Amino acid sequence: MHQSSFHDEPATLAKMKAFIAENGLQNDLSETRRYHEIYLFDPRKVESAKMKTVLRVPVRRKEGEKNL
């Protein structure tokens, strides 16, 4: 869950990327598995600091990695 303006999303995505790497996972982006942003606000009614966005990155376990 990202809570801030759109301009701050890169920092949240960097944290997600670090979590993926630290936990034996890797991105699993493909034609059928895509990155998603789900907006939980109306930008006309919510100040940017209170915006909430679900950021979804498909992942899979790296070959040879054990369960978490």
# chains A, B, ... in the order shown; residues from 1 in each chain; ligands from 1
>>> residues_around(residues="Ser30 of chain A", least_positions_apart="6", cutoff="12 Å", atoms="only C-alpha atoms", output="list in words")
Val57, Pro58, Val59 and Arg60 of chain A
>>> write_last_selection(atoms="N, CA and C atoms", output="PDB file, in the first residue's frame")
ATOM      1  N   VAL A  57       2.935  -6.110  -7.823  1.00  0.00           N
ATOM      2  CA  VAL A  57       3.981  -6.615  -8.703  1.00  0.00           C
ATOM      3  C   VAL A  57       3.955  -8.143  -8.606  1.00  0.00           C
ATOM      4  N   PRO A  58       3.733  -8.837  -9.722  1.00  0.00           N
ATOM      5  CA  PRO A  58       3.741 -10.298  -9.648  1.00  0.00           C
ATOM      6  C   PRO A  58       5.164 -10.804  -9.388  1.00  0.00           C
ATOM      7  N   VAL A  59       5.268 -11.774  -8.502  1.00  0.00           N
ATOM      8  CA  VAL A  59       6.576 -12.351  -8.170  1.00  0.00           C
ATOM      9  C   VAL A  59       6.489 -13.872  -8.198  1.00  0.00           C
ATOM     10  N   ARG A  60       7.646 -14.474  -8.262  1.00  0.00           N
ATOM     11  CA  ARG A  60       7.750 -15.929  -8.130  1.00  0.00           C
ATOM     12  C   ARG A  60       9.050 -16.213  -7.402  1.00  0.00           C
TER      13      ARG A  60
END
>>> residues_around(residues="Gln3 of chain A", least_positions_apart="2", cutoff="10 Å", atoms="only C-alpha atoms", output="ChimeraX atom specification")
/A:1,5-6,8-9,12,40,48-54
>>> write_last_selection(atoms="N, CA and C atoms", output="compact mmCIF listing (two decimals), in the first residue's frame")
# COMPACT_ATOMS: atom_id res chain seq x y z
N MET A 1 0.85 -1.17 0.00
CA MET A 1 0.00 0.00 0.00
C MET A 1 0.90 1.23 0.00
N SER A 5 1.50 10.99 -2.65
CA SER A 5 1.22 11.39 -4.03
C SER A 5 1.88 10.43 -5.02
N PHE A 6 1.46 10.55 -6.27
CA PHE A 6 2.03 9.72 -7.34
C PHE A 6 3.54 9.93 -7.45
N ASP A 8 5.75 10.16 -5.31
CA ASP A 8 6.54 9.42 -4.33
C ASP A 8 6.52 7.90 -4.56
N GLU A 9 5.81 7.44 -5.57
CA GLU A 9 5.71 6.00 -5.82
C GLU A 9 7.06 5.33 -6.09
N THR A 12 8.51 3.84 -2.96
CA THR A 12 7.79 2.65 -2.50
C THR A 12 8.14 1.46 -3.38
N LEU A 40 -7.33 4.12 -4.62
CA LEU A 40 -8.37 4.05 -3.60
C LEU A 40 -8.82 5.45 -3.18
N SER A 48 -3.01 15.28 -1.82
CA SER A 48 -2.02 14.32 -2.29
C SER A 48 -1.38 13.49 -1.17
N ALA A 49 -1.19 14.05 0.00
CA ALA A 49 -0.56 13.32 1.11
C ALA A 49 -1.43 12.18 1.62
N LYS A 50 -2.73 12.22 1.34
CA LYS A 50 -3.65 11.20 1.83
C LYS A 50 -4.07 10.20 0.75
N MET A 51 -3.49 10.32 -0.44
CA MET A 51 -3.82 9.38 -1.52
C MET A 51 -3.33 7.99 -1.15
N LYS A 52 -4.13 6.97 -1.47
CA LYS A 52 -3.75 5.58 -1.21
C LYS A 52 -3.83 4.81 -2.53
N THR A 53 -2.76 4.07 -2.82
CA THR A 53 -2.68 3.28 -4.03
C THR A 53 -2.13 1.90 -3.70
N VAL A 54 -2.80 0.87 -4.15
CA VAL A 54 -2.28 -0.50 -4.02
C VAL A 54 -1.36 -0.73 -5.21
>>> closest_residue(among="A:Glu63, A:Arg34, A:His2, A:Pro43", to="Ala14 of chain A", atoms="only C-alpha atoms")
A:His2
>>> select_by_dssp(residues="chain A", states="helix (DSSP H, G or I)", output="PyMOL selection string")
chain A and resi 6-22+48-50
>>> write_last_selection(atoms="all heavy atoms", output="compact mmCIF listing (two decimals), in the first residue's frame")
# COMPACT_ATOMS: atom_id res chain seq x y z
N PHE A 6 1.46 10.55 -6.27
CA PHE A 6 2.03 9.72 -7.34
C PHE A 6 3.54 9.93 -7.45
O PHE A 6 4.27 9.00 -7.79
CB PHE A 6 1.40 10.08 -8.69
CG PHE A 6 -0.07 9.82 -8.78
CD1 PHE A 6 -0.95 10.84 -9.10
CD2 PHE A 6 -0.58 8.56 -8.56
CE1 PHE A 6 -2.30 10.61 -9.20
CE2 PHE A 6 -1.93 8.31 -8.65
CZ PHE A 6 -2.79 9.35 -8.98
N HIS A 7 3.99 11.13 -7.18
CA HIS A 7 5.40 11.46 -7.34
C HIS A 7 6.31 10.68 -6.39
O HIS A 7 7.50 10.53 -6.66
CB HIS A 7 5.62 12.96 -7.16
CG HIS A 7 4.82 13.79 -8.10
ND1 HIS A 7 5.06 13.82 -9.46
CD2 HIS A 7 3.76 14.60 -7.89
CE1 HIS A 7 4.19 14.62 -10.05
NE2 HIS A 7 3.38 15.11 -9.12
N ASP A 8 5.75 10.16 -5.31
CA ASP A 8 6.54 9.42 -4.33
C ASP A 8 6.52 7.90 -4.56
O ASP A 8 7.16 7.16 -3.81
CB ASP A 8 6.03 9.71 -2.91
CG ASP A 8 6.16 11.18 -2.55
OD1 ASP A 8 7.10 11.84 -3.04
OD2 ASP A 8 5.32 11.67 -1.78
N GLU A 9 5.81 7.44 -5.57
CA GLU A 9 5.71 6.00 -5.82
C GLU A 9 7.06 5.33 -6.09
O GLU A 9 7.27 4.20 -5.67
CB GLU A 9 4.75 5.70 -6.96
CG GLU A 9 3.31 5.76 -6.54
CD GLU A 9 2.35 5.37 -7.65
OE1 GLU A 9 2.77 4.75 -8.64
OE2 GLU A 9 1.17 5.70 -7.51
N PRO A 10 8.00 5.98 -6.79
CA PRO A 10 9.29 5.31 -7.02
C PRO A 10 9.99 4.84 -5.75
O PRO A 10 10.60 3.77 -5.73
CB PRO A 10 10.11 6.36 -7.77
CG PRO A 10 9.09 7.16 -8.50
CD PRO A 10 7.92 7.24 -7.53
N ALA A 11 9.87 5.59 -4.66
CA ALA A 11 10.50 5.17 -3.40
C ALA A 11 9.83 3.92 -2.85
O ALA A 11 10.50 3.01 -2.35
CB ALA A 11 10.42 6.30 -2.37
N THR A 12 8.51 3.84 -2.96
CA THR A 12 7.79 2.65 -2.50
C THR A 12 8.14 1.46 -3.38
O THR A 12 8.37 0.35 -2.87
CB THR A 12 6.27 2.90 -2.52
OG1 THR A 12 5.98 4.01 -1.65
CG2 THR A 12 5.49 1.68 -2.07
N LEU A 13 8.23 1.65 -4.67
CA LEU A 13 8.60 0.56 -5.58
C LEU A 13 10.03 0.08 -5.31
O LEU A 13 10.31 -1.11 -5.40
CB LEU A 13 8.44 0.99 -7.03
CG LEU A 13 6.98 1.15 -7.48
CD1 LEU A 13 6.92 1.85 -8.85
CD2 LEU A 13 6.29 -0.20 -7.53
N ALA A 14 10.92 0.99 -4.93
CA ALA A 14 12.29 0.59 -4.58
C ALA A 14 12.30 -0.28 -3.33
O ALA A 14 13.04 -1.27 -3.27
CB ALA A 14 13.16 1.83 -4.37
N LYS A 15 11.46 0.04 -2.35
CA LYS A 15 11.34 -0.79 -1.15
C LYS A 15 10.80 -2.17 -1.50
O LYS A 15 11.24 -3.19 -0.96
CB LYS A 15 10.44 -0.13 -0.12
CG LYS A 15 11.03 1.10 0.51
CD LYS A 15 10.05 1.74 1.47
CE LYS A 15 10.58 3.04 2.02
NZ LYS A 15 9.60 3.71 2.90
N MET A 16 9.82 -2.21 -2.40
CA MET A 16 9.26 -3.49 -2.83
C MET A 16 10.32 -4.32 -3.56
O MET A 16 10.43 -5.53 -3.33
CB MET A 16 8.05 -3.26 -3.74
CG MET A 16 6.86 -2.66 -3.02
SD MET A 16 5.52 -2.14 -4.11
CE MET A 16 4.97 -3.70 -4.75
N LYS A 17 11.11 -3.67 -4.40
CA LYS A 17 12.17 -4.37 -5.12
C LYS A 17 13.19 -4.97 -4.15
O LYS A 17 13.62 -6.11 -4.31
CB LYS A 17 12.86 -3.41 -6.09
CG LYS A 17 13.91 -4.04 -6.95
CD LYS A 17 14.49 -3.03 -7.93
CE LYS A 17 15.55 -3.67 -8.78
NZ LYS A 17 16.13 -2.72 -9.75
N ALA A 18 13.55 -4.22 -3.12
CA ALA A 18 14.49 -4.72 -2.11
C ALA A 18 13.89 -5.90 -1.36
O ALA A 18 14.59 -6.90 -1.12
CB ALA A 18 14.86 -3.60 -1.14
N PHE A 19 12.61 -5.82 -0.99
CA PHE A 19 11.95 -6.93 -0.30
C PHE A 19 11.96 -8.18 -1.17
O PHE A 19 12.24 -9.28 -0.68
CB PHE A 19 10.51 -6.54 0.05
CG PHE A 19 9.74 -7.66 0.68
CD1 PHE A 19 9.79 -7.84 2.05
CD2 PHE A 19 9.00 -8.54 -0.08
CE1 PHE A 19 9.09 -8.89 2.64
CE2 PHE A 19 8.30 -9.59 0.50
CZ PHE A 19 8.34 -9.77 1.86
N ILE A 20 11.67 -8.02 -2.44
CA ILE A 20 11.66 -9.16 -3.37
C ILE A 20 13.03 -9.83 -3.40
O ILE A 20 13.14 -11.04 -3.27
CB ILE A 20 11.21 -8.69 -4.77
CG1 ILE A 20 9.72 -8.32 -4.75
CG2 ILE A 20 11.51 -9.73 -5.83
CD1 ILE A 20 9.25 -7.55 -5.98
N ALA A 21 14.08 -9.03 -3.55
CA ALA A 21 15.45 -9.57 -3.63
C ALA A 21 15.86 -10.24 -2.32
O ALA A 21 16.50 -11.30 -2.33
CB ALA A 21 16.42 -8.46 -3.98
N GLU A 22 15.52 -9.66 -1.18
CA GLU A 22 15.92 -10.18 0.13
C GLU A 22 15.20 -11.47 0.51
O GLU A 22 15.64 -12.18 1.41
CB GLU A 22 15.65 -9.13 1.21
CG GLU A 22 16.54 -7.91 1.11
CD GLU A 22 16.06 -6.75 1.97
OE1 GLU A 22 15.07 -6.92 2.71
OE2 GLU A 22 16.66 -5.68 1.87
N SER A 48 -3.01 15.28 -1.82
CA SER A 48 -2.02 14.32 -2.29
C SER A 48 -1.38 13.49 -1.17
O SER A 48 -1.08 12.32 -1.36
CB SER A 48 -0.93 15.00 -3.12
OG SER A 48 -0.21 15.91 -2.33
N ALA A 49 -1.19 14.05 0.00
CA ALA A 49 -0.56 13.32 1.11
C ALA A 49 -1.43 12.18 1.62
O ALA A 49 -0.93 11.26 2.26
CB ALA A 49 -0.24 14.27 2.25
N LYS A 50 -2.73 12.22 1.34
CA LYS A 50 -3.65 11.20 1.83
C LYS A 50 -4.07 10.20 0.75
O LYS A 50 -4.91 9.34 0.99
CB LYS A 50 -4.88 11.86 2.43
CG LYS A 50 -4.57 12.64 3.69
CD LYS A 50 -5.81 13.19 4.31
CE LYS A 50 -5.47 13.93 5.59
NZ LYS A 50 -6.67 14.50 6.21
>>> atom_distance(atom1="atom CA of Ile38 of chain A", atom2="atom CA of Gln26 of chain A")
21.4 Å
>>> select_by_dssp(residues="segment 3-48 of chain A", states="strand (DSSP E)", output="list in words")
Gln3, Leu25, Gln26, Asn27, His36, Glu37, Ile38 and Tyr39 of chain A
>>> closest_residue(among="A:Ser4, A:Arg56, A:Gly64, A:Glu47", to="Leu25 of chain A", atoms="only C-alpha atoms")
A:Gly64
>>> atom_distance(atom1="atom CA of Arg61 of chain A", atom2="atom CA of Tyr39 of chain A")
27.3 Å
>>> decode(residues="segment 7-33 of chain A", atoms="N, CA and C atoms", output="PDB file, in the first residue's frame")
ATOM      1  N   HIS A   7       3.990  11.125  -7.176  1.00  0.00           N
ATOM      2  CA  HIS A   7       5.404  11.458  -7.344  1.00  0.00           C
ATOM      3  C   HIS A   7       6.309  10.681  -6.390  1.00  0.00           C
ATOM      4  N   ASP A   8       5.751  10.161  -5.307  1.00  0.00           N
ATOM      5  CA  ASP A   8       6.539   9.417  -4.328  1.00  0.00           C
ATOM      6  C   ASP A   8       6.523   7.902  -4.559  1.00  0.00           C
ATOM      7  N   GLU A   9       5.807   7.439  -5.567  1.00  0.00           N
ATOM      8  CA  GLU A   9       5.714   5.997  -5.819  1.00  0.00           C
ATOM      9  C   GLU A   9       7.059   5.332  -6.091  1.00  0.00           C
ATOM     10  N   PRO A  10       8.002   5.977  -6.788  1.00  0.00           N
ATOM     11  CA  PRO A  10       9.289   5.310  -7.021  1.00  0.00           C
ATOM     12  C   PRO A  10       9.989   4.837  -5.745  1.00  0.00           C
ATOM     13  N   ALA A  11       9.870   5.585  -4.663  1.00  0.00           N
ATOM     14  CA  ALA A  11      10.498   5.170  -3.401  1.00  0.00           C
ATOM     15  C   ALA A  11       9.827   3.916  -2.852  1.00  0.00           C
ATOM     16  N   THR A  12       8.512   3.836  -2.956  1.00  0.00           N
ATOM     17  CA  THR A  12       7.790   2.646  -2.503  1.00  0.00           C
ATOM     18  C   THR A  12       8.142   1.456  -3.375  1.00  0.00           C
ATOM     19  N   LEU A  13       8.228   1.654  -4.675  1.00  0.00           N
ATOM     20  CA  LEU A  13       8.604   0.561  -5.579  1.00  0.00           C
ATOM     21  C   LEU A  13      10.031   0.084  -5.306  1.00  0.00           C
ATOM     22  N   ALA A  14      10.917   0.988  -4.935  1.00  0.00           N
ATOM     23  CA  ALA A  14      12.295   0.592  -4.584  1.00  0.00           C
ATOM     24  C   ALA A  14      12.296  -0.282  -3.335  1.00  0.00           C
ATOM     25  N   LYS A  15      11.459   0.044  -2.350  1.00  0.00           N
ATOM     26  CA  LYS A  15      11.344  -0.793  -1.147  1.00  0.00           C
ATOM     27  C   LYS A  15      10.795  -2.172  -1.500  1.00  0.00           C
ATOM     28  N   MET A  16       9.824  -2.208  -2.404  1.00  0.00           N
ATOM     29  CA  MET A  16       9.264  -3.491  -2.830  1.00  0.00           C
ATOM     30  C   MET A  16      10.320  -4.321  -3.555  1.00  0.00           C
ATOM     31  N   LYS A  17      11.114  -3.674  -4.398  1.00  0.00           N
ATOM     32  CA  LYS A  17      12.172  -4.371  -5.124  1.00  0.00           C
ATOM     33  C   LYS A  17      13.191  -4.968  -4.150  1.00  0.00           C
ATOM     34  N   ALA A  18      13.549  -4.220  -3.118  1.00  0.00           N
ATOM     35  CA  ALA A  18      14.491  -4.717  -2.112  1.00  0.00           C
ATOM     36  C   ALA A  18      13.895  -5.900  -1.361  1.00  0.00           C
ATOM     37  N   PHE A  19      12.615  -5.824  -0.988  1.00  0.00           N
ATOM     38  CA  PHE A  19      11.950  -6.928  -0.302  1.00  0.00           C
ATOM     39  C   PHE A  19      11.959  -8.185  -1.168  1.00  0.00           C
ATOM     40  N   ILE A  20      11.672  -8.022  -2.436  1.00  0.00           N
ATOM     41  CA  ILE A  20      11.657  -9.158  -3.370  1.00  0.00           C
ATOM     42  C   ILE A  20      13.028  -9.825  -3.398  1.00  0.00           C
ATOM     43  N   ALA A  21      14.081  -9.033  -3.555  1.00  0.00           N
ATOM     44  CA  ALA A  21      15.447  -9.573  -3.632  1.00  0.00           C
ATOM     45  C   ALA A  21      15.865 -10.243  -2.321  1.00  0.00           C
ATOM     46  N   GLU A  22      15.517  -9.657  -1.185  1.00  0.00           N
ATOM     47  CA  GLU A  22      15.919 -10.181   0.129  1.00  0.00           C
ATOM     48  C   GLU A  22      15.199 -11.472   0.506  1.00  0.00           C
ATOM     49  N   ASN A  23      14.109 -11.774  -0.170  1.00  0.00           N
ATOM     50  CA  ASN A  23      13.298 -12.923   0.209  1.00  0.00           C
ATOM     51  C   ASN A  23      13.271 -14.030  -0.849  1.00  0.00           C
ATOM     52  N   GLY A  24      14.303 -14.093  -1.676  1.00  0.00           N
ATOM     53  CA  GLY A  24      14.431 -15.178  -2.638  1.00  0.00           C
ATOM     54  C   GLY A  24      13.361 -15.177  -3.719  1.00  0.00           C
ATOM     55  N   LEU A  25      12.861 -13.996  -4.054  1.00  0.00           N
ATOM     56  CA  LEU A  25      11.833 -13.875  -5.076  1.00  0.00           C
ATOM     57  C   LEU A  25      12.384 -13.109  -6.270  1.00  0.00           C
ATOM     58  N   GLN A  26      11.629 -13.117  -7.354  1.00  0.00           N
ATOM     59  CA  GLN A  26      11.979 -12.295  -8.505  1.00  0.00           C
ATOM     60  C   GLN A  26      10.697 -11.843  -9.185  1.00  0.00           C
ATOM     61  N   ASN A  27      10.778 -10.723  -9.897  1.00  0.00           N
ATOM     62  CA  ASN A  27       9.620 -10.244 -10.642  1.00  0.00           C
ATOM     63  C   ASN A  27       9.184 -11.301 -11.635  1.00  0.00           C
ATOM     64  N   ASP A  28       7.890 -11.426 -11.815  1.00  0.00           N
ATOM     65  CA  ASP A  28       7.337 -12.404 -12.761  1.00  0.00           C
ATOM     66  C   ASP A  28       6.434 -11.685 -13.762  1.00  0.00           C
ATOM     67  N   LEU A  29       6.950 -10.587 -14.306  1.00  0.00           N
ATOM     68  CA  LEU A  29       6.200  -9.824 -15.289  1.00  0.00           C
ATOM     69  C   LEU A  29       6.192 -10.554 -16.629  1.00  0.00           C
ATOM     70  N   SER A  30       5.021 -10.592 -17.270  1.00  0.00           N
ATOM     71  CA  SER A  30       4.885 -11.227 -18.580  1.00  0.00           C
ATOM     72  C   SER A  30       3.661 -10.646 -19.275  1.00  0.00           C
ATOM     73  N   GLU A  31       3.309 -11.203 -20.410  1.00  0.00           N
ATOM     74  CA  GLU A  31       2.114 -10.748 -21.131  1.00  0.00           C
ATOM     75  C   GLU A  31       0.843 -10.989 -20.321  1.00  0.00           C
ATOM     76  N   THR A  32       0.851 -12.006 -19.476  1.00  0.00           N
ATOM     77  CA  THR A  32      -0.342 -12.333 -18.701  1.00  0.00           C
ATOM     78  C   THR A  32      -0.259 -11.887 -17.246  1.00  0.00           C
ATOM     79  N   ARG A  33       0.948 -11.638 -16.756  1.00  0.00           N
ATOM     80  CA  ARG A  33       1.130 -11.192 -15.360  1.00  0.00           C
ATOM     81  C   ARG A  33       1.754  -9.804 -15.406  1.00  0.00           C
TER      82      ARG A  33
END
